[in-house]
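Undergrad: Right, I'll just put the structure down here and ask away after.
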Amino acid sequence: MSTTKGSPVDALTPGGQPSGETLEILAALEHKVLWLAAWMIHNANHLRANEEGIKVGGHQASSASLATIMTALYFATLRPEDRVAVKPHASPIFHAIQYLLGRQTREKLQNFRAYKGAQSYPSRTKDIDDVDFSTGSVGLGVAQTLFSSLVQDYVRAKGWTGGRPEGRMIALVGDAEMDEGNIFEALLEGWKHGLRNCWWIVDYNRQSLDAVVREGLWQRFEAIFANFGWDVVVLKYGTLLESAFAEPGGERLRDWIDHCPNQLYSALCFQGGAAWRKRLLDDIGDQGVVTRLIEARTDAELARLMTNLAGHDLPTLLDAFARAGTHDRPTCFIAYTIKGFGLPLAGHKDNHAGLMTPAQVETLQAAMHVRPGHEWEPFEGLPVPAERLAAFLRAVPFAQRRPAPVTPFIAVPEALPMPAIGGKQLSTQAGFGQILNEVARERSDFASRIVTTAPDVTVSTNLGPWVNRRGLFARETMADLFKAERIPSTFNWEFSPAGQHLELGIAEMNLFLMLSALGLSHSINGERLLPIGTLYDPFIYRGADALNYACYQDARFILVATPSGVTLAPEGGAHQSIGTPLIGLAQDGLAAFEPAFVDELATILRFGFDYIQRDGDGEPDERTWLRDETGGSVYLRLSTRPLEQPIRTIDETLARAIVDGAYWLREPGPNAELVIAYMGAVAPEAIEATGLLAEDRRDIGLLAITSADRLNAGWTAAARARERGLVHARSHVERLLEPLPAHCGLVTVMDGHPATLGWLGAVAGHRTRSLGVEHFGQTGTIADLYRHHGIDAAAITRAAAALAPYHPVRHLRPAS
């Protein structure tokens with residue numbers, strides 16, 4: 001680390017005290033980030049034009065409680081390789097720090113929470129400054145750091161370090177944020193995998209959105225983290241208070257603070273020095289040493305003393321962070337703070353969404369010596385010369401971070417290896433397992449970069465063969481004792497650093513956060529992975545928030561969900577999915593597919609490995625109007641229902657149609673009155689119904705849909721293009737349906753919610769009847785449930801008859 005004059009290196013010596021010069025500079029920067037954050041929010045709410053008259057917001061108080069901690073981190077403690085998830089409501093502080101480091105623009109700050117401005121909550125994809133992890137949905141960014149640390153260990157165990165040092169994954173956590181259950185699910189997973197290099201810093205201001213938190217909560221936090229093997233560092237008192245405690249009567253003062261209720265402490269912080277004096281004298285004044293300790297200070301000095309908690313004391317924070325930096329054990333800092341510290345609304349129970357009044361901002365501005373018209377100046381009003389501050393900021397270790405190098409594209413085979421399956425009965429889930437098993441046989445860079453994970457459903461989602469060949473990952477080798485004891489088993493569960501499967505416990509939130517961490521490895525660790533996560537399709541809902549979060553971060557992964565629909569019939573409604581296709585249709589950043597046959601799956605999976613690596617900015621493909629150059633993640637909704645596999649060759653034209661979302665299994669004739677469009681496991685019913693109806697409707701068409709999501713996205717994108725004047729824009733689904741006569745009817749059918757395909761009639765104005773599953777299932781056979789829900793062949797024929805009654809005259813071809 002550089003020891004350039006002005007460098008914060010002297011603030012990091014364990015047990016030592018930072019120099020006076022360093023502390024002076026850091027204190028000045030602390031005041032500046034607090035001012036910029038407060039002004040940014042004030043400008044957004046009171047000065048910037050607001051035609052809608054709606055409060056913009058910005059959380060001045062929640063930002064203020066972290067100003068000192070983030071100053072200590074970003075300007076002294078963090079190294080270039082460290083990564084941080086910032087508490088959502090501290091976004092203004094983060095943007096202010098990045099502004100001072102030259103990584104954020106004044107224009108973006110002036111447009112905070114406005115169009116194209118600095119984001120309300122730190123965003124990897126929307127902000128221009130150096131956001132490591134998006135935050136917003138509370139709790140998720142916290143747990144993300146844990147899984148990112150595990151992924152860093154995975155990458156390093158493979159030897160893919162490129163000379164990069166290990167980084168710490170750090171989360172800045174609101175104490176109320178600790179109510180989120182996914183945080184505690186993640187703690188268990190971290191313990192199981194031997195978590196390292198992870199810090200969670202709890203902003204213990206004892207206030208939530210609506211209330212003051214319960215007394216003694218810190219003790220619960222301390223016990224929980226200690227039980228999971230974390231070091232726990234409680235940062236309660238700053239240097240001023242510690243000095244006061246050493247004075248005569250100081251122990252009485254410490255005892256009073258230790259037993260002071262959270263609500264009372266917050267109220268006194270808001271009321272100020274005179275209120276502190278009265279309360280302390282009434283409660284512990286003794287006309288002796290305690291009274292002298294209190295009376296020796298003015299009201300302002302007393303207020304400063306009583307609010308000198310460790311979370312607002314730079315020497316205490318710098319020392320604690322430096323000590324923790326000497327080892328790699330996971331560490332939880334419980335840092336006592338005051339919500340709104342340094343602002344007029346400090347401590348008030350209503351301050352979470354509160355805003356300072358213009359008069360209060362003027363008072364703060366005067367106190368910080370910021371001249372009117374100079375509010376955005378980086379060094380305005382600070383007691384340290386600008387050139388010293390600028391030199392210091394240039395030497396900050398974190399500021400030496402450079403953009404990650406472009407991660408090389410991992411070459412994907414032209415076709416994935418597949419066993420001979422033509423004419424056999426096979427489900428798409430079993431086919432998925434067989435394809436991965438064939439890939440596992442290879443010794444290639446492509447195969448080595450695949451990493452799989454599942455929430456305790458590895459075997460039941462057909463990952464077993466892959467794991468048998470590639471092994472389970474652990475930093476240290478652990479033998480399979482069943483094998484050692486010569487107990488027969490179809491699975492070889494050996495853990496080692498060479499393994500390529502990360503086994504998780506039963507928690508879908510953890511699965512999606514792990515996928516998010518794996519899918520950002522190219523950005524965080526400089527090494528690209530090809531992650532695949534498997535789970536039961538109905539339980540996507542349990543992790544839907546984390547799935548959305550992963551997509552919002554632009555993490556790249558393949559999600560394989562089985563069984564889908566009601567095909568796991570004997571398990572009953574709890575294991576049967578209805579609305580998950582709508583998630584696939586609506587989720588941004590996620591291309592959803594539902595193939596019926598294994599050769600379709602192999603084609604889509606090959607595309608998926610390529611698609612998750614794309615990050616271009618090209619224009620939409622004018623063939624499909626999809627933004628395929630930008631890439632994204634992939635969702636494969638598979639089935640456990642065995643289907644007879646077609647005997648055919650997937651040529652280039654068919655492969656392209658499968659990936660685009662649909663192809664004609666039976667092309668309709670020129671006088672078609674009916675088209676049956678199916679997706680997924682109901683293929684046999686659709687084929688059977690087509691055969692029955694074809695006896696008197698010779699021109700009937702059968703459309704095999706592999707992706708309602710991509711068909712819909714292309715259709716809407718092409719419509720937007722036409723609205724912009726590109727009159728010849730046509731999507732894949734429009735070209736498929738365009739030749740159909742106007743009187744042709746569509747019957748759509750799938751094992752899922754019918755709305756997934758219900759929009760097809762709007763493409764070219766055809767009458768449509770959509771069949772699917774709308775209500776919870778029950779136990780039975782697949783035939784029972786398909787009949788019950790009206791998606792069997794008989795139901796399809798009934799729908800067709802009602803939609804397009806048979807008229808012999810319509811089937812007479814025009815005379816030539």
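Letters A, B, ... go to the chains of the structure tokens in the order shown; residues in each chain start at 1; ligands are counted from 1 in the same order.
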Applying 10 Å and only C-alpha atoms, which residues near stretch 239-247 of chain A remain after dropping the ones on its own chain fewer than 5 positions away? List them as a ChimeraX atom specification.
TA: /A:252-255,289-290,293-294,304-310,312-316
Undergrad: Print the selection's residues with N, CA and C atoms to a file, as a PDB file, in the first residue's frame.
TA:
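To be explicit, this is the file written out as again07.pdb:
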ATOM      1  N   ARG A 252     -20.923   5.868  37.100  1.00  0.00           N
ATOM      2  CA  ARG A 252     -22.367   6.108  37.270  1.00  0.00           C
ATOM      3  C   ARG A 252     -22.995   6.544  35.947  1.00  0.00           C
ATOM      4  N   LEU A 253     -22.273   7.365  35.202  1.00  0.00           N
ATOM      5  CA  LEU A 253     -22.782   7.806  33.902  1.00  0.00           C
ATOM      6  C   LEU A 253     -22.897   6.618  32.945  1.00  0.00           C
ATOM      7  N   ARG A 254     -21.854   5.764  32.924  1.00  0.00           N
ATOM      8  CA  ARG A 254     -21.900   4.587  32.044  1.00  0.00           C
ATOM      9  C   ARG A 254     -23.088   3.694  32.411  1.00  0.00           C
ATOM     10  N   ASP A 255     -23.273   3.485  33.686  1.00  0.00           N
ATOM     11  CA  ASP A 255     -24.371   2.617  34.130  1.00  0.00           C
ATOM     12  C   ASP A 255     -25.723   3.207  33.726  1.00  0.00           C
ATOM     13  N   VAL A 289     -19.295  14.072  42.737  1.00  0.00           N
ATOM     14  CA  VAL A 289     -18.481  13.872  41.539  1.00  0.00           C
ATOM     15  C   VAL A 289     -19.329  13.740  40.266  1.00  0.00           C
ATOM     16  N   VAL A 290     -20.491  13.101  40.357  1.00  0.00           N
ATOM     17  CA  VAL A 290     -21.318  12.938  39.159  1.00  0.00           C
ATOM     18  C   VAL A 290     -21.855  14.286  38.713  1.00  0.00           C
ATOM     19  N   LEU A 293     -19.159  16.249  37.049  1.00  0.00           N
ATOM     20  CA  LEU A 293     -18.889  15.747  35.690  1.00  0.00           C
ATOM     21  C   LEU A 293     -19.869  16.363  34.698  1.00  0.00           C
ATOM     22  N   ILE A 294     -21.124  16.448  35.116  1.00  0.00           N
ATOM     23  CA  ILE A 294     -22.155  16.985  34.226  1.00  0.00           C
ATOM     24  C   ILE A 294     -22.027  18.500  34.104  1.00  0.00           C
ATOM     25  N   ARG A 304     -22.805  16.924  22.831  1.00  0.00           N
ATOM     26  CA  ARG A 304     -21.784  16.240  22.024  1.00  0.00           C
ATOM     27  C   ARG A 304     -21.280  14.997  22.731  1.00  0.00           C
ATOM     28  N   LEU A 305     -21.082  15.107  24.051  1.00  0.00           N
ATOM     29  CA  LEU A 305     -20.622  13.954  24.827  1.00  0.00           C
ATOM     30  C   LEU A 305     -21.631  12.818  24.773  1.00  0.00           C
ATOM     31  N   MET A 306     -22.907  13.128  25.032  1.00  0.00           N
ATOM     32  CA  MET A 306     -23.919  12.081  25.161  1.00  0.00           C
ATOM     33  C   MET A 306     -24.310  11.458  23.818  1.00  0.00           C
ATOM     34  N   THR A 307     -23.929  12.083  22.738  1.00  0.00           N
ATOM     35  CA  THR A 307     -24.197  11.486  21.412  1.00  0.00           C
ATOM     36  C   THR A 307     -22.917  10.927  20.792  1.00  0.00           C
ATOM     37  N   ASN A 308     -21.860  10.847  21.594  1.00  0.00           N
ATOM     38  CA  ASN A 308     -20.590  10.337  21.072  1.00  0.00           C
ATOM     39  C   ASN A 308     -20.573   8.800  21.131  1.00  0.00           C
ATOM     40  N   LEU A 309     -21.480   8.209  20.363  1.00  0.00           N
ATOM     41  CA  LEU A 309     -21.502   6.758  20.269  1.00  0.00           C
ATOM     42  C   LEU A 309     -20.420   6.296  19.292  1.00  0.00           C
ATOM     43  N   ALA A 310     -20.029   5.041  19.407  1.00  0.00           N
ATOM     44  CA  ALA A 310     -18.883   4.542  18.632  1.00  0.00           C
ATOM     45  C   ALA A 310     -19.122   4.629  17.129  1.00  0.00           C
ATOM     46  N   HIS A 312     -20.252   6.942  15.554  1.00  0.00           N
ATOM     47  CA  HIS A 312     -19.984   8.306  15.086  1.00  0.00           C
ATOM     48  C   HIS A 312     -18.610   8.785  15.544  1.00  0.00           C
ATOM     49  N   ASP A 313     -17.736   7.842  15.867  1.00  0.00           N
ATOM     50  CA  ASP A 313     -16.417   8.194  16.390  1.00  0.00           C
ATOM     51  C   ASP A 313     -15.348   7.576  15.493  1.00  0.00           C
ATOM     52  N   LEU A 314     -14.700   8.405  14.705  1.00  0.00           N
ATOM     53  CA  LEU A 314     -13.744   7.899  13.722  1.00  0.00           C
ATOM     54  C   LEU A 314     -12.596   7.100  14.327  1.00  0.00           C
ATOM     55  N   PRO A 315     -11.936   7.556  15.400  1.00  0.00           N
ATOM     56  CA  PRO A 315     -10.834   6.754  15.942  1.00  0.00           C
ATOM     57  C   PRO A 315     -11.277   5.348  16.356  1.00  0.00           C
ATOM     58  N   THR A 316     -12.452   5.257  16.984  1.00  0.00           N
ATOM     59  CA  THR A 316     -12.938   3.946  17.416  1.00  0.00           C
ATOM     60  C   THR A 316     -13.216   3.033  16.228  1.00  0.00           C
TER      61      THR A 316
END
Undergrad: For stretch 687-696 of chain A, please output as a list in words all residues within 7 Å (counting only C-alpha atoms; exclusion window: fewer than 4 positions along the same chain).
TA: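 Surrounding residues, per the criterion: Ala683, Ile700, Leu702, Ala793, Ile796 and Thr797 of chain A.
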Undergrad: Take the residues from that selection and put them in a file with C-alpha atoms, as a PDB file, in the first residue's frame.
TA:
ATOM      1  CA  ALA A 683     -47.820 -32.077 -26.254  1.00  0.00           C
ATOM      2  CA  ILE A 700     -55.653 -27.612 -39.093  1.00  0.00           C
ATOM      3  CA  LEU A 702     -50.358 -27.497 -34.668  1.00  0.00           C
ATOM      4  CA  ALA A 793     -57.468 -34.108 -25.579  1.00  0.00           C
ATOM      5  CA  ILE A 796     -59.173 -29.441 -26.486  1.00  0.00           C
ATOM      6  CA  THR A 797     -61.610 -30.882 -29.014  1.00  0.00           C
TER       7      THR A 797
END
Undergrad: Could you pull the residues within 12 Å of stretch 256-261 of chain A, counting only C-alpha atoms, minus those fewer than 5 positions along the same chain, as a PyMOL selection string?
TA: chain A and resi 206+212-217+236-237+241+245+249-251+266-268+276+279-285+290+305-309+336
Undergrad: With stretch 381-403 of chain A as the partner and 8 Å as the cut-off, tabulate the residues of stretch 39-96 of chain A that qualify, each row holding the nearest pair of atoms and their distance in Å to one decimal, using only C-alpha atoms, sorted by chain and rising number, as a tab-separated table.
TA:
residue	atom	partner	partner_atom	distance
A:Tyr74	CA	A:Phe398	CA	6.4
A:Phe75	CA	A:Val396	CA	5.7
A:Ala76	CA	A:Val396	CA	6.5
A:Thr77	CA	A:Pro397	CA	7.8
A:Leu78	CA	A:Phe398	CA	5.4
A:Arg79	CA	A:Phe398	CA	4.7
A:Pro80	CA	A:Arg401	CA	4.5
A:Glu81	CA	A:Arg401	CA	7.3
Undergrad: Would you mind writing down, as a list in words, each residue of stretch 120-284 of chain A that DSSP on the backbone assigns to strand (DSSP E or B)?
TA: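 Restricting stretch 120-284 of chain A to strand (DSSP E or B) produces Met169, Ile170, Ala171, Leu172, Val173, Gly174, Cys198, Trp199, Trp200, Ile201, Val202, Asp203, Tyr204, Gln207, Val212, Asp231, Val232, Val233, Val234, Leu235 and Tyr237 of chain A.
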Undergrad: Measuring between only C-alpha atoms, which one of A:Val173, A:Ala320, A:Ala729, A:Ala440 shows the shortest distance to A:Gly136?
TA: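 Counting only C-alpha atoms, the residue closest to A:Gly136 is A:Val173.
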Undergrad: One decimal, in Å: what's the spacing between atom CA of A:Glu527 and atom CA of A:Val142?
TA: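 Computing it gives 22.3 Å between the two atoms.
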Undergrad: Between A:Val682, A:Leu109, A:Ile604, A:Ala72, which has the minimum distance to A:Ala322 (counting only C-alpha atoms)?
TA: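 Of all the options, A:Ala72 lies closest to A:Ala322.
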Undergrad: Find the distance between atom CA of A:Thr331 and atom CA of A:Leu146 and write it in Å to one decimal.
TA: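 So the two atoms, atom CA of A:Thr331 and atom CA of A:Leu146, lie 11.2 Å apart.
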Undergrad: Determine, counting only C-alpha atoms, which protein, DNA and RNA residues have an atom within 10 Å of an atom of A:Asp628; residues of the same chain fewer than 2 positions away are not included. Present the result as a list of chain:residue names.
TA: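 What passes the distance filter is A:Ala591, A:Tyr611, A:Ile612, A:Arg614, A:Asp615, A:Gly616, A:Asp617, A:Gly618, A:Glu619, A:Pro620, A:Asp621, A:Thr624, A:Trp625, A:Leu626, A:Thr630, A:Gly631, A:Gly632.
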Undergrad: Save the residues we just selected, N, CA and C atoms, as a short mmCIF file (atom, residue, chain, number, x, y, z; two decimals), in the first residue's frame?
TA:
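Produced file again.cif, reproduced below:
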data_model
loop_
_atom_site.label_atom_id
_atom_site.label_comp_id
_atom_site.auth_asym_id
_atom_site.auth_seq_id
_atom_site.Cartn_x
_atom_site.Cartn_y
_atom_site.Cartn_z
N ALA A 591 -35.01 -14.91 -19.72
CA ALA A 591 -35.64 -15.51 -20.89
C ALA A 591 -36.18 -16.88 -20.49
N TYR A 611 -26.12 -17.30 -24.30
CA TYR A 611 -26.91 -16.11 -23.98
C TYR A 611 -26.50 -15.48 -22.65
N ILE A 612 -26.20 -16.30 -21.64
CA ILE A 612 -25.86 -15.74 -20.33
C ILE A 612 -24.51 -15.05 -20.33
N ARG A 614 -23.58 -12.95 -22.94
CA ARG A 614 -23.64 -11.77 -23.80
C ARG A 614 -23.83 -10.50 -22.98
N ASP A 615 -23.17 -9.45 -23.38
CA ASP A 615 -23.34 -8.15 -22.71
C ASP A 615 -23.16 -7.00 -23.68
N GLY A 616 -23.59 -7.21 -24.92
CA GLY A 616 -23.44 -6.18 -25.92
C GLY A 616 -24.52 -5.12 -25.83
N ASP A 617 -24.36 -4.08 -26.59
CA ASP A 617 -25.32 -2.98 -26.64
C ASP A 617 -25.94 -2.83 -28.02
N GLY A 618 -25.96 -3.93 -28.79
CA GLY A 618 -26.44 -3.84 -30.16
C GLY A 618 -27.93 -3.59 -30.24
N GLU A 619 -28.37 -3.22 -31.44
CA GLU A 619 -29.78 -3.00 -31.69
C GLU A 619 -30.51 -4.34 -31.69
N PRO A 620 -31.84 -4.33 -31.47
CA PRO A 620 -32.59 -5.59 -31.51
C PRO A 620 -32.44 -6.28 -32.87
N ASP A 621 -32.46 -7.61 -32.82
CA ASP A 621 -32.39 -8.42 -34.02
C ASP A 621 -33.67 -8.19 -34.83
N THR A 624 -36.27 -11.10 -34.98
CA THR A 624 -37.14 -11.40 -33.84
C THR A 624 -37.54 -10.17 -33.05
N TRP A 625 -36.77 -9.09 -33.18
CA TRP A 625 -36.92 -7.86 -32.40
C TRP A 625 -36.65 -8.10 -30.92
N LEU A 626 -35.89 -9.15 -30.62
CA LEU A 626 -35.45 -9.42 -29.26
C LEU A 626 -34.08 -8.79 -29.02
N THR A 630 -27.86 -8.20 -25.68
CA THR A 630 -27.61 -7.79 -24.30
C THR A 630 -27.56 -8.98 -23.36
N GLY A 631 -28.12 -10.11 -23.77
CA GLY A 631 -28.09 -11.30 -22.93
C GLY A 631 -28.97 -11.19 -21.70
N GLY A 632 -28.79 -12.13 -20.80
CA GLY A 632 -29.58 -12.19 -19.58
C GLY A 632 -29.50 -13.58 -18.99
#
Undergrad: Find the residues around A:Gln104 up to 7 Å (only C-alpha atoms counted), leave out those fewer than 6 positions away in its own chain, and share them as a list in words.
TA: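 Selected residues are His95, Gln98, Ile128 and Asp129 of chain A.
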Undergrad: Find the residues around A:Ala454 up to 6 Å (only C-alpha atoms counted), leave out those fewer than 5 positions away in its own chain, and share them as an MDAnalysis selection string.
TA: chainID A and resid 503:504 533:534
Undergrad: Output N, CA and C atoms of each residue in that selection to a file, as an mmCIF file, in the first residue's frame.
TA:
data_model
loop_
_atom_site.group_PDB
_atom_site.id
_atom_site.type_symbol
_atom_site.label_atom_id
_atom_site.label_comp_id
_atom_site.auth_asym_id
_atom_site.auth_seq_id
_atom_site.Cartn_x
_atom_site.Cartn_y
_atom_site.Cartn_z
ATOM 1 N N GLU A 503 -23.816 -27.648 -2.796
ATOM 2 C CA GLU A 503 -25.055 -28.151 -2.195
ATOM 3 C C GLU A 503 -25.554 -27.171 -1.138
ATOM 4 N N LEU A 504 -26.839 -26.807 -1.238
ATOM 5 C CA LEU A 504 -27.457 -25.871 -0.306
ATOM 6 C C LEU A 504 -28.531 -26.576 0.501
ATOM 7 N N GLY A 533 -28.831 -23.526 -11.572
ATOM 8 C CA GLY A 533 -29.515 -23.822 -10.314
ATOM 9 C C GLY A 533 -30.790 -24.589 -10.582
ATOM 10 N N THR A 534 -31.055 -25.610 -9.779
ATOM 11 C CA THR A 534 -32.281 -26.396 -9.964
ATOM 12 C C THR A 534 -33.130 -26.333 -8.698
#
Undergrad: For A:Glu438, please output as a PDB file with C-alpha atoms, in the first residue's frame all residues within 9 Å (counting only C-alpha atoms; exclusion window: fewer than 3 positions along the same chain).
TA:
ATOM      1  CA  LEU A 416     -24.440 -30.222 -26.763  1.00  0.00           C
ATOM      2  CA  PRO A 417     -23.739 -33.960 -26.558  1.00  0.00           C
ATOM      3  CA  MET A 418     -26.900 -36.051 -26.320  1.00  0.00           C
ATOM      4  CA  PRO A 419     -27.595 -39.758 -25.845  1.00  0.00           C
ATOM      5  CA  GLY A 433     -29.771 -34.811 -16.409  1.00  0.00           C
ATOM      6  CA  GLN A 434     -28.573 -36.942 -19.310  1.00  0.00           C
ATOM      7  CA  ILE A 435     -27.318 -33.943 -21.286  1.00  0.00           C
ATOM      8  CA  ARG A 441     -17.609 -36.623 -19.484  1.00  0.00           C
ATOM      9  CA  GLU A 442     -15.742 -33.892 -21.376  1.00  0.00           C
ATOM     10  CA  TRP A 466     -23.422 -34.631 -13.078  1.00  0.00           C
TER      11      TRP A 466
END
Undergrad: Using only C-alpha atoms for the distances, tell me which of A:Phe379, A:Tyr635, A:Tyr154, A:Trp39 is nearest to A:Arg710.
TA: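 When distances to A:Arg710 are compared using only C-alpha atoms, the smallest one comes from A:Tyr635.
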Undergrad: Name the closest residue to A:Lys55 among the candidates A:Gly780, A:Gly471, A:Ala353, A:Gly272; distances are taken between atoms, counting only C-alpha atoms.
TA: A:Ala353
